[in-house]
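Have a look at entry_0.tsv; it's TSV, C-alpha atoms:
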```tsv
chain	number	residue	atom	x	y	z
A	1466	MET	CA	135.77	159.82	-216.47
A	1467	LYS	CA	132.35	159.52	-218.02
A	1468	ARG	CA	130.85	162.95	-218.40
A	1469	CYS	CA	127.75	163.68	-216.33
A	1470	PRO	CA	124.89	164.31	-218.79
A	1471	PHE	CA	123.42	166.99	-216.59
A	1472	LEU	CA	126.49	169.18	-217.06
A	1473	ILE	CA	125.24	169.72	-220.59
A	1474	ALA	CA	121.78	170.65	-219.38
A	1475	ALA	CA	122.94	173.10	-216.72
A	1476	SER	CA	123.68	176.05	-218.97
A	1477	ALA	CA	120.44	175.58	-220.86
A	1478	VAL	CA	118.44	175.58	-217.64
A	1479	LEU	CA	120.16	178.70	-216.37
A	1480	ALA	CA	119.65	180.49	-219.66
A	1481	ALA	CA	115.97	179.58	-219.56
A	1482	ALA	CA	115.39	181.60	-216.39
A	1483	LEU	CA	113.27	184.25	-218.10
A	1484	PRO	CA	112.52	187.55	-216.37
A	1485	ALA	CA	109.01	188.34	-215.24
A	1486	SER	CA	108.76	191.14	-217.78
A	1487	GLY	CA	108.12	188.67	-220.57
A	1488	HIS	CA	111.16	189.54	-222.71
A	1489	GLU	CA	112.91	186.79	-224.63
A	1490	GLY	CA	115.76	186.47	-222.17
A	1491	PRO	CA	118.30	188.29	-219.98
A	1492	ASP	CA	120.46	189.36	-222.94
A	1493	HIS	CA	117.51	191.18	-224.52
A	1494	VAL	CA	116.60	192.82	-221.20
A	1495	ILE	CA	120.21	193.95	-220.71
A	1496	GLU	CA	120.23	195.45	-224.20
A	1497	ALA	CA	116.96	197.29	-223.57
A	1498	LEU	CA	118.11	198.60	-220.19
A	1499	THR	CA	121.42	199.74	-221.65
A	1500	GLU	CA	119.56	201.71	-224.32
A	1501	ARG	CA	117.40	203.37	-221.66
A	1502	ILE	CA	120.44	204.23	-219.53
A	1503	GLN	CA	122.20	205.77	-222.54
A	1504	ALA	CA	119.11	207.72	-223.58
A	1505	GLN	CA	117.84	208.87	-220.17
A	1506	GLY	CA	120.95	208.76	-218.05
A	1507	PRO	CA	121.73	206.22	-215.32
A	1508	THR	CA	119.49	205.82	-212.30
A	1509	ALA	CA	119.97	203.48	-209.37
A	1510	LYS	CA	116.78	201.64	-210.29
A	1511	LEU	CA	117.85	200.98	-213.90
A	1512	LEU	CA	121.36	199.93	-212.89
A	1513	ILE	CA	120.03	197.55	-210.24
A	1514	SER	CA	117.63	196.01	-212.74
A	1515	ARG	CA	120.46	195.45	-215.22
A	1516	ALA	CA	122.67	194.02	-212.47
A	1517	TYR	CA	120.03	191.39	-211.68
A	1518	GLU	CA	119.92	190.36	-215.35
A	1519	HIS	CA	123.71	190.05	-215.44
A	1520	GLN	CA	123.47	188.00	-212.24
A	1521	SER	CA	121.09	185.55	-213.87
A	1522	LEU	CA	123.79	184.93	-216.49
A	1523	GLY	CA	126.61	184.69	-213.94
A	1524	ASN	CA	128.36	187.80	-215.31
A	1525	TRP	CA	129.72	188.74	-211.90
A	1526	ASN	CA	132.11	191.50	-212.98
A	1527	ALA	CA	129.23	193.25	-214.76
A	1528	VAL	CA	127.04	192.68	-211.69
A	1529	LEU	CA	129.67	194.31	-209.49
A	1530	ALA	CA	130.03	197.27	-211.85
A	1531	ASP	CA	126.29	197.97	-212.04
A	1532	PHE	CA	125.63	197.63	-208.32
A	1533	GLY	CA	128.69	199.82	-207.65
A	1534	ALA	CA	127.39	202.48	-210.01
A	1535	ALA	CA	123.97	202.27	-208.34
A	1536	LEU	CA	125.61	202.85	-204.95
A	1537	ASP	CA	127.32	205.94	-206.32
A	1538	LEU	CA	123.84	207.30	-207.00
A	1539	ASP	CA	122.13	205.94	-203.87
A	1540	SER	CA	124.56	205.00	-201.11
A	1541	ARG	CA	121.79	203.63	-198.86
A	1542	SER	CA	120.21	201.27	-201.37
A	1543	ARG	CA	119.78	197.91	-199.63
A	1544	ALA	CA	119.38	196.11	-202.96
A	1545	ALA	CA	122.61	197.55	-204.32
A	1546	LEU	CA	124.56	196.91	-201.10
A	1547	SER	CA	123.32	193.33	-200.93
A	1548	GLY	CA	123.99	192.71	-204.62
A	1549	TYR	CA	127.46	194.25	-204.46
A	1550	THR	CA	128.31	192.05	-201.46
A	1551	GLU	CA	127.07	188.93	-203.25
A	1552	ALA	CA	129.09	189.75	-206.35
A	1553	SER	CA	132.19	190.34	-204.23
A	1554	LEU	CA	131.66	186.95	-202.61
A	1555	GLN	CA	131.31	185.26	-205.97
A	1556	LEU	CA	134.50	186.91	-207.21
A	1557	GLY	CA	136.44	185.96	-204.08
A	1558	ALA	CA	136.93	189.56	-202.95
A	1559	LEU	CA	136.28	188.67	-199.31
A	1560	PRO	CA	137.58	191.81	-197.53
A	1561	GLN	CA	135.45	193.89	-199.88
A	1562	ALA	CA	132.43	191.65	-199.26
A	1563	GLU	CA	132.90	191.92	-195.49
A	1564	SER	CA	133.15	195.70	-195.65
A	1565	MET	CA	129.97	195.99	-197.72
A	1566	ALA	CA	128.04	193.58	-195.47
A	1567	ARG	CA	129.01	195.65	-192.43
A	1568	ARG	CA	127.95	198.78	-194.29
A	1569	GLY	CA	124.56	197.18	-194.83
A	1570	LEU	CA	124.25	196.39	-191.13
A	1571	GLU	CA	124.68	200.08	-190.34
A	1572	LEU	CA	121.59	201.11	-192.31
A	1573	ASP	CA	119.28	200.48	-189.34
A	1574	GLU	CA	118.94	198.50	-186.12
A	1575	ASP	CA	115.87	196.53	-187.18
A	1576	ALA	CA	116.41	192.75	-187.07
A	1577	LEU	CA	114.40	192.21	-190.24
A	1578	GLY	CA	116.49	194.74	-192.17
A	1579	GLN	CA	119.83	193.58	-190.76
A	1580	SER	CA	119.33	189.82	-191.13
A	1581	PRO	CA	120.22	189.53	-194.87
A	1582	PHE	CA	123.48	191.37	-194.22
A	1583	TYR	CA	124.29	189.16	-191.24
A	1584	ALA	CA	123.72	186.19	-193.55
A	1585	LEU	CA	126.10	187.63	-196.14
A	1586	LEU	CA	128.68	188.33	-193.42
A	1587	ALA	CA	128.34	184.73	-192.20
A	1588	ARG	CA	129.07	183.46	-195.70
A	1589	VAL	CA	132.18	185.65	-195.89
A	1590	PHE	CA	133.46	184.17	-192.63
A	1591	ALA	CA	132.60	180.65	-193.76
A	1592	GLU	CA	134.63	181.14	-196.94
A	1593	GLN	CA	137.55	182.04	-194.67
A	1594	GLN	CA	136.80	179.05	-192.40
A	1595	ARG	CA	136.24	181.42	-189.49
A	1596	TRP	CA	133.58	179.11	-188.12
A	1597	SER	CA	133.04	180.76	-184.71
A	1598	ASP	CA	132.63	184.18	-186.32
A	1599	ALA	CA	130.34	182.71	-188.97
A	1600	ARG	CA	128.18	181.05	-186.33
A	1601	GLU	CA	127.74	184.35	-184.48
A	1602	ALA	CA	126.78	186.08	-187.74
A	1603	TRP	CA	124.21	183.38	-188.49
A	1604	ARG	CA	122.75	183.93	-185.02
A	1605	GLY	CA	122.39	187.59	-185.94
A	1606	ALA	CA	120.53	186.61	-189.12
A	1607	LEU	CA	118.29	184.24	-187.19
A	1608	ARG	CA	116.99	187.06	-185.00
A	1609	SER	CA	114.80	187.90	-187.98
A	1610	PRO	CA	111.09	187.15	-187.51
A	1611	ARG	CA	111.22	185.47	-190.95
A	1612	PRO	CA	114.48	183.51	-191.09
A	1613	GLU	CA	115.35	181.53	-194.21
A	1614	ILE	CA	115.99	177.79	-194.12
A	1615	ASP	CA	119.53	178.33	-195.43
A	1616	TRP	CA	120.34	180.42	-192.36
A	1617	PHE	CA	119.49	177.56	-189.99
A	1618	LEU	CA	121.55	175.23	-192.16
A	1619	GLY	CA	124.43	177.72	-192.16
A	1620	GLU	CA	124.55	177.78	-188.36
A	1621	ALA	CA	124.45	173.98	-188.31
A	1622	GLU	CA	127.35	173.81	-190.78
A	1623	CYS	CA	129.45	176.00	-188.47
A	1624	LEU	CA	128.71	173.80	-185.45
A	1625	ASP	CA	129.60	170.76	-187.57
A	1626	HIS	CA	132.99	172.21	-188.46
A	1627	LEU	CA	133.52	173.10	-184.79
A	1628	ASP	CA	132.72	169.46	-183.83
A	1629	ARG	CA	129.93	170.72	-181.57
A	1630	HIS	CA	127.46	168.09	-182.71
A	1631	ARG	CA	125.22	168.07	-179.63
A	1632	GLU	CA	124.75	171.84	-179.96
A	1633	ARG	CA	124.04	171.28	-183.64
A	1634	VAL	CA	121.31	168.78	-182.76
A	1635	GLU	CA	119.73	171.24	-180.33
A	1636	ALA	CA	119.99	174.16	-182.78
A	1637	LEU	CA	118.30	172.18	-185.56
A	1638	LEU	CA	115.59	170.93	-183.22
A	1639	LEU	CA	114.79	174.56	-182.37
A	1640	ALA	CA	114.89	175.34	-186.08
A	1641	THR	CA	112.26	172.68	-186.83
A	1642	GLU	CA	110.04	174.23	-184.16
A	1643	ARG	CA	110.29	177.61	-185.92
A	1644	ASN	CA	109.94	176.10	-189.40
A	1645	PRO	CA	108.61	172.53	-189.79
A	1646	SER	CA	110.56	172.01	-193.02
A	1647	VAL	CA	111.42	168.50	-194.16
A	1648	VAL	CA	114.86	169.85	-195.12
A	1649	LEU	CA	115.49	170.97	-191.54
A	1650	HIS	CA	114.05	167.74	-190.17
A	1651	ARG	CA	116.49	165.68	-192.25
A	1652	ALA	CA	119.35	167.99	-191.27
A	1653	TRP	CA	118.44	167.33	-187.62
A	1654	ILE	CA	118.57	163.58	-188.24
A	1655	HIS	CA	121.94	164.01	-189.96
A	1656	ALA	CA	123.15	165.84	-186.84
A	1657	LEU	CA	121.86	163.03	-184.63
A	1658	VAL	CA	123.95	160.57	-186.64
A	1659	ASP	CA	127.07	162.71	-186.32
A	1660	ALA	CA	126.40	163.07	-182.58
A	1661	GLY	CA	126.26	159.26	-182.28
A	1662	ASP	CA	122.57	159.04	-181.42
A	1663	PHE	CA	121.96	156.21	-183.88
A	1664	GLU	CA	118.86	154.90	-182.12
A	1665	THR	CA	116.84	158.12	-182.37
A	1666	ALA	CA	118.10	158.75	-185.90
A	1667	SER	CA	117.20	155.21	-187.01
A	1668	GLN	CA	113.68	155.54	-185.64
A	1669	GLU	CA	113.16	158.79	-187.55
A	1670	ILE	CA	114.60	157.31	-190.75
A	1671	GLU	CA	112.49	154.14	-190.64
A	1672	ASN	CA	109.40	156.27	-190.02
A	1673	GLY	CA	110.30	158.42	-193.01
A	1674	LEU	CA	110.89	155.40	-195.22
A	1675	SER	CA	107.52	153.91	-194.30
A	1676	LYS	CA	105.61	157.09	-195.15
A	1677	SER	CA	107.45	158.46	-198.18
A	1678	ARG	CA	106.81	157.69	-201.81
A	1679	TRP	CA	110.34	158.81	-202.71
A	1680	LYS	CA	112.89	157.22	-200.45
A	1681	SER	CA	116.32	158.32	-201.70
A	1682	SER	CA	116.86	161.02	-199.05
A	1683	TRP	CA	116.01	158.58	-196.27
A	1684	LEU	CA	118.17	155.84	-197.77
A	1685	LEU	CA	121.13	158.21	-197.87
A	1686	LEU	CA	120.58	159.13	-194.22
A	1687	ARG	CA	120.55	155.44	-193.34
A	1688	ALA	CA	123.68	154.93	-195.43
A	1689	ARG	CA	125.32	157.59	-193.27
A	1690	ILE	CA	124.52	155.57	-190.15
A	1691	TYR	CA	125.96	152.45	-191.75
A	1692	ALA	CA	129.08	154.42	-192.69
A	1693	GLN	CA	129.51	155.63	-189.12
A	1694	ARG	CA	129.13	152.08	-187.83
A	1695	GLN	CA	131.45	150.71	-190.55
A	1696	LEU	CA	128.68	148.48	-191.94
A	1697	TYR	CA	129.88	149.05	-195.48
A	1698	THR	CA	127.89	146.38	-197.31
A	1699	GLN	CA	124.65	147.92	-196.02
A	1700	GLN	CA	125.97	151.41	-196.81
A	1701	TRP	CA	126.67	150.51	-200.44
A	1702	ALA	CA	123.30	148.75	-200.81
A	1703	ASP	CA	121.34	151.79	-199.60
A	1704	ALA	CA	123.43	154.17	-201.70
A	1705	ALA	CA	122.88	152.01	-204.80
A	1706	ASP	CA	119.12	151.88	-204.20
A	1707	ALA	CA	119.04	155.65	-203.69
A	1708	LEU	CA	120.98	156.26	-206.90
A	1709	THR	CA	118.62	154.03	-208.89
A	1710	GLU	CA	115.62	156.03	-207.68
A	1711	ILE	CA	117.32	159.40	-208.22
A	1712	ARG	CA	118.26	158.55	-211.80
A	1713	SER	CA	114.70	157.45	-212.51
A	1714	ARG	CA	113.47	160.89	-211.42
A	1715	LEU	CA	116.13	163.15	-212.95
A	1716	SER	CA	115.24	165.00	-216.12
A	1717	VAL	CA	118.07	165.83	-218.51
A	1718	GLU	CA	116.11	168.80	-219.88
A	1719	HIS	CA	115.12	170.23	-216.48
A	1720	PRO	CA	117.29	168.66	-213.77
A	1721	ASP	CA	116.32	169.32	-210.16
A	1722	PRO	CA	119.51	170.64	-208.48
A	1723	HIS	CA	118.61	168.97	-205.18
A	1724	LEU	CA	118.34	165.60	-206.92
A	1725	VAL	CA	121.67	166.24	-208.64
A	1726	ALA	CA	123.21	166.92	-205.21
A	1727	GLU	CA	121.65	163.72	-203.85
A	1728	ALA	CA	123.11	161.78	-206.76
A	1729	ALA	CA	126.53	163.18	-205.84
A	1730	GLN	CA	126.12	161.97	-202.29
A	1731	ALA	CA	125.06	158.50	-203.40
A	1732	LEU	CA	128.02	158.25	-205.77
A	1733	ALA	CA	130.38	159.33	-202.99
A	1734	PHE	CA	129.00	156.64	-200.69
A	1735	LEU	CA	129.62	154.16	-203.51
A	1736	GLY	CA	133.21	155.31	-203.93
A	1737	LYS	CA	132.65	156.81	-207.41
A	1738	ASN	CA	134.46	159.97	-206.45
A	1739	ASP	CA	135.08	161.60	-209.84
A	1740	GLU	CA	131.43	161.29	-210.82
A	1741	ALA	CA	130.36	162.59	-207.40
A	1742	LEU	CA	132.47	165.72	-207.82
A	1743	ALA	CA	131.12	166.25	-211.35
A	1744	TYR	CA	127.56	166.13	-210.04
A	1745	ILE	CA	128.43	168.60	-207.28
A	1746	LYS	CA	129.79	171.02	-209.89
A	1747	ASN	CA	126.60	170.56	-211.86
A	1748	ALA	CA	124.44	171.29	-208.79
A	1749	ARG	CA	126.37	174.52	-208.28
A	1750	ASP	CA	125.94	175.43	-211.95
A	1751	LEU	CA	122.21	174.93	-211.50
A	1752	GLY	CA	122.21	177.50	-208.70
A	1753	ILE	CA	121.82	175.36	-205.59
A	1754	SER	CA	122.74	176.99	-202.30
A	1755	GLU	CA	125.99	175.73	-200.78
A	1756	SER	CA	124.14	174.90	-197.56
A	1757	HIS	CA	122.12	172.28	-199.44
A	1758	LEU	CA	125.15	170.43	-200.79
A	1759	PRO	CA	126.10	167.17	-199.14
A	1760	GLU	CA	129.49	166.80	-197.54
A	1761	VAL	CA	130.79	164.91	-200.55
A	1762	THR	CA	134.43	165.68	-199.87
A	1763	ARG	CA	134.20	164.30	-196.35
A	1764	ILE	CA	132.46	161.17	-197.58
A	1765	ILE	CA	135.12	160.67	-200.25
A	1766	GLU	CA	137.90	161.04	-197.69
A	1767	SER	CA	136.34	158.67	-195.17
A	1768	ALA	CA	134.60	155.99	-197.26
A	1769	PRO	CA	136.51	152.79	-198.03
A	1770	ILE	CA	136.72	151.43	-201.55
A	1771	ASN	CA	133.96	148.96	-202.36
A	1772	PRO	CA	135.90	145.77	-203.10
A	1773	GLN	CA	132.92	144.13	-204.76
A	1774	GLY	CA	132.37	147.02	-207.16
A	1775	LYS	CA	128.59	146.61	-206.97
A	1776	TYR	CA	127.59	149.96	-208.39
A	1777	VAL	CA	124.44	150.90	-210.22
A	1778	GLU	CA	125.11	152.08	-213.77
```
How does this structure look as structure tokens?
Amino acid sequence: MKRCPFLIAASAVLAAALPASGHEGPDHVIEALTERIQAQGPTAKLLISRAYEHQSLGNWNAVLADFGAALDLDSRSRAALSGYTEASLQLGALPQAESMARRGLELDEDALGQSPFYALLARVFAEQQRWSDAREAWRGALRSPRPEIDWFLGEAECLDHLDRHRERVEALLLATERNPSVVLHRAWIHALVDAGDFETASQEIENGLSKSRWKSSWLLLRARIYAQRQLYTQQWADAADALTEIRSRLSVEHPDPHLVAEAAQALAFLGKNDEALAYIKNARDLGISESHLPEVTRIIESAPINPQGKYVE
């Protein structure tokens, strides 16, 4: 398998995420915070600050230790509870993550304060493929007056796994009314395709193609329709055109994780499965939210092999 060039760039991009304090990098900030903790004694604030620096480097065991120590000093710290839950999720300690998320929910009854912990709880359930429970947790998060886009996408993912595509369409339509995001709009079109409403989806896609300078996202949506209708020649053509555009826009030095994820989807539609999975790994390394990743595995499992081998290199 040819190695994806953006795998090389991922670690450099992550390491370049400098803190707002203006220090040279997370390692230097960690060193300075450690010296302060040793000299002055630990405080929840210092430990939480160091945990965030460890998090930027992906040092999840250190993240867990610092947030845990912060909770020993301040058991009601929302930042420490949230961070400890996230670290537990990343380390696969799901019962621990669930317990901490529920502990966060008990801090108050305010929807704004509870919503991040509902979102964390939903992710725990999703990791366990408890899709009905995850959907209910996402609904708890979405009671917030300021819901995040990922939360709408999380609910949609649950409905997708439950094969409740018409409900998914309706949920995403309501989401676009609350937040007119192009990401949610495209997710709604994706749901229309999965629900079999090809006519409405096609109208939205053609409108998007006619108005957009960059067309790869729309081409991949249209490729999905062709895949559903088993029009494979058209599917491969749109995927190849999308991949050409994506590669023209991708920077090796500063790759956009969303473009990397789109490239994975295009490669999966083209039947280049190993490369698609490598790009997905790269998108994760670059910090993309799971809810933004295409369903590459499903595409790989369902797409036929392209007998003509007309791929874009």
Next item on the list: For Glu1622 in chain A, work out the shell of residues within 9 Å, counting all atoms listed in the file and skipping chain neighbours fewer than 3 positions away, then give it as an MDAnalysis selection string.
Entry: chainID A and resid 1596 1600 1617:1619 1625:1627 1633 1756
Margin query: Report as a PyMOL selection string all protein, DNA and RNA residues lying within 10 Å of range 1503-1517 of chain A, evaluated on only C-alpha atoms, omitting residues in the same chain fewer than 3 positions from it.
Written below: chain A and resi 1484+1491-1492+1494-1500+1520-1540+1542+1544-1545+1548-1549+1552
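Counting from CA of Ala1652 in chain A, the distance to CA of Leu1570 in chain A is 28.8 Å.
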Note to self: Nearest residue to Lys1737 in chain A out of A:Ala1602, A:Ile1764, A:Ala1566, A:Asp1750, using only C-alpha atoms?
What the structure shows: A:Ile1764
Notebook entry, point to check: What is the distance between CA of Ser1667 in chain A and CA of Ile1753 in chain A, in Å to one decimal?
Noted result: 27.8 Å
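The residue that comes closest to Ala1731 in chain A, out of A:Arg1749, A:Arg1714, A:Arg1568, A:Arg1689 and on the basis of all atoms listed in the file, is A:Arg1689.
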Check: Mind pulling up the distance from CA of Asn1672 in chain A to CA of Ala1636 in chain A?
Finding: 22.0 Å
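Minimum atom-to-atom distances from A:Ala1707, A:Arg1712, A:Gly1673, A:Ala1741 to Val1647 in chain A were compared using only C-alpha atoms, and the lowest value belongs to A:Gly1673.
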Could N, CA and C atoms be built for range 1509-1536 of chain A and written out as a PDB file, in the coordinates of the input?
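The resulting file, out_33.pdb, is shown below:
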```pdb
ATOM      1  N   ALA A1509     119.705 204.654-210.208  1.00  0.00           N
ATOM      2  CA  ALA A1509     119.970 203.480-209.370  1.00  0.00           C
ATOM      3  C   ALA A1509     119.030 202.333-209.732  1.00  0.00           C
ATOM      4  N   LYS A1510     117.766 202.677-209.982  1.00  0.00           N
ATOM      5  CA  LYS A1510     116.780 201.640-210.290  1.00  0.00           C
ATOM      6  C   LYS A1510     117.140 200.897-211.573  1.00  0.00           C
ATOM      7  N   LEU A1511     117.505 201.624-212.627  1.00  0.00           N
ATOM      8  CA  LEU A1511     117.850 200.980-213.900  1.00  0.00           C
ATOM      9  C   LEU A1511     119.121 200.141-213.770  1.00  0.00           C
ATOM     10  N   LEU A1512     120.103 200.666-213.063  1.00  0.00           N
ATOM     11  CA  LEU A1512     121.360 199.930-212.890  1.00  0.00           C
ATOM     12  C   LEU A1512     121.153 198.655-212.079  1.00  0.00           C
ATOM     13  N   ILE A1513     120.322 198.737-211.052  1.00  0.00           N
ATOM     14  CA  ILE A1513     120.030 197.550-210.240  1.00  0.00           C
ATOM     15  C   ILE A1513     119.299 196.509-211.066  1.00  0.00           C
ATOM     16  N   SER A1514     118.357 196.953-211.878  1.00  0.00           N
ATOM     17  CA  SER A1514     117.630 196.010-212.740  1.00  0.00           C
ATOM     18  C   SER A1514     118.586 195.312-213.703  1.00  0.00           C
ATOM     19  N   ARG A1515     119.510 196.068-214.295  1.00  0.00           N
ATOM     20  CA  ARG A1515     120.460 195.450-215.220  1.00  0.00           C
ATOM     21  C   ARG A1515     121.410 194.508-214.487  1.00  0.00           C
ATOM     22  N   ALA A1516     121.788 194.879-213.264  1.00  0.00           N
ATOM     23  CA  ALA A1516     122.670 194.020-212.470  1.00  0.00           C
ATOM     24  C   ALA A1516     122.030 192.662-212.217  1.00  0.00           C
ATOM     25  N   TYR A1517     120.726 192.658-211.923  1.00  0.00           N
ATOM     26  CA  TYR A1517     120.030 191.390-211.680  1.00  0.00           C
ATOM     27  C   TYR A1517     120.027 190.515-212.944  1.00  0.00           C
ATOM     28  N   GLU A1518     119.889 191.140-214.107  1.00  0.00           N
ATOM     29  CA  GLU A1518     119.920 190.360-215.350  1.00  0.00           C
ATOM     30  C   GLU A1518     121.311 189.779-215.591  1.00  0.00           C
ATOM     31  N   HIS A1519     122.341 190.573-215.336  1.00  0.00           N
ATOM     32  CA  HIS A1519     123.710 190.050-215.440  1.00  0.00           C
ATOM     33  C   HIS A1519     123.911 188.896-214.444  1.00  0.00           C
ATOM     34  N   GLN A1520     123.329 189.042-213.264  1.00  0.00           N
ATOM     35  CA  GLN A1520     123.470 188.000-212.240  1.00  0.00           C
ATOM     36  C   GLN A1520     122.867 186.689-212.693  1.00  0.00           C
ATOM     37  N   SER A1521     121.731 186.773-213.389  1.00  0.00           N
ATOM     38  CA  SER A1521     121.090 185.550-213.870  1.00  0.00           C
ATOM     39  C   SER A1521     121.951 184.807-214.876  1.00  0.00           C
ATOM     40  N   LEU A1522     122.870 185.525-215.516  1.00  0.00           N
ATOM     41  CA  LEU A1522     123.790 184.930-216.490  1.00  0.00           C
ATOM     42  C   LEU A1522     125.151 184.594-215.875  1.00  0.00           C
ATOM     43  N   GLY A1523     125.335 184.952-214.595  1.00  0.00           N
ATOM     44  CA  GLY A1523     126.610 184.690-213.940  1.00  0.00           C
ATOM     45  C   GLY A1523     127.714 185.626-214.364  1.00  0.00           C
ATOM     46  N   ASN A1524     127.353 186.813-214.892  1.00  0.00           N
ATOM     47  CA  ASN A1524     128.360 187.800-215.310  1.00  0.00           C
ATOM     48  C   ASN A1524     128.726 188.665-214.099  1.00  0.00           C
ATOM     49  N   TRP A1525     129.544 188.120-213.204  1.00  0.00           N
ATOM     50  CA  TRP A1525     129.720 188.740-211.900  1.00  0.00           C
ATOM     51  C   TRP A1525     130.483 190.062-211.950  1.00  0.00           C
ATOM     52  N   ASN A1526     131.410 190.209-212.867  1.00  0.00           N
ATOM     53  CA  ASN A1526     132.110 191.500-212.980  1.00  0.00           C
ATOM     54  C   ASN A1526     131.147 192.601-213.407  1.00  0.00           C
ATOM     55  N   ALA A1527     130.244 192.269-214.335  1.00  0.00           N
ATOM     56  CA  ALA A1527     129.230 193.250-214.760  1.00  0.00           C
ATOM     57  C   ALA A1527     128.255 193.540-213.627  1.00  0.00           C
ATOM     58  N   VAL A1528     127.909 192.495-212.862  1.00  0.00           N
ATOM     59  CA  VAL A1528     127.040 192.680-211.690  1.00  0.00           C
ATOM     60  C   VAL A1528     127.679 193.673-210.723  1.00  0.00           C
ATOM     61  N   LEU A1529     128.958 193.453-210.433  1.00  0.00           N
ATOM     62  CA  LEU A1529     129.670 194.310-209.490  1.00  0.00           C
ATOM     63  C   LEU A1529     129.695 195.753-209.993  1.00  0.00           C
ATOM     64  N   ALA A1530     129.952 195.921-211.287  1.00  0.00           N
ATOM     65  CA  ALA A1530     130.030 197.270-211.850  1.00  0.00           C
ATOM     66  C   ALA A1530     128.699 198.000-211.746  1.00  0.00           C
ATOM     67  N   ASP A1531     127.594 197.301-212.065  1.00  0.00           N
ATOM     68  CA  ASP A1531     126.290 197.970-212.040  1.00  0.00           C
ATOM     69  C   ASP A1531     125.831 198.271-210.620  1.00  0.00           C
ATOM     70  N   PHE A1532     126.020 197.335-209.706  1.00  0.00           N
ATOM     71  CA  PHE A1532     125.630 197.630-208.320  1.00  0.00           C
ATOM     72  C   PHE A1532     126.518 198.734-207.742  1.00  0.00           C
ATOM     73  N   GLY A1533     127.816 198.750-208.117  1.00  0.00           N
ATOM     74  CA  GLY A1533     128.690 199.820-207.650  1.00  0.00           C
ATOM     75  C   GLY A1533     128.253 201.174-208.168  1.00  0.00           C
ATOM     76  N   ALA A1534     127.867 201.223-209.442  1.00  0.00           N
ATOM     77  CA  ALA A1534     127.390 202.480-210.010  1.00  0.00           C
ATOM     78  C   ALA A1534     126.081 202.920-209.350  1.00  0.00           C
ATOM     79  N   ALA A1535     125.222 201.949-209.029  1.00  0.00           N
ATOM     80  CA  ALA A1535     123.970 202.270-208.340  1.00  0.00           C
ATOM     81  C   ALA A1535     124.252 202.860-206.959  1.00  0.00           C
ATOM     82  N   LEU A1536     125.265 202.323-206.268  1.00  0.00           N
ATOM     83  CA  LEU A1536     125.610 202.850-204.950  1.00  0.00           C
ATOM     84  C   LEU A1536     126.176 204.261-205.036  1.00  0.00           C
TER      85      LEU A1536
END
```
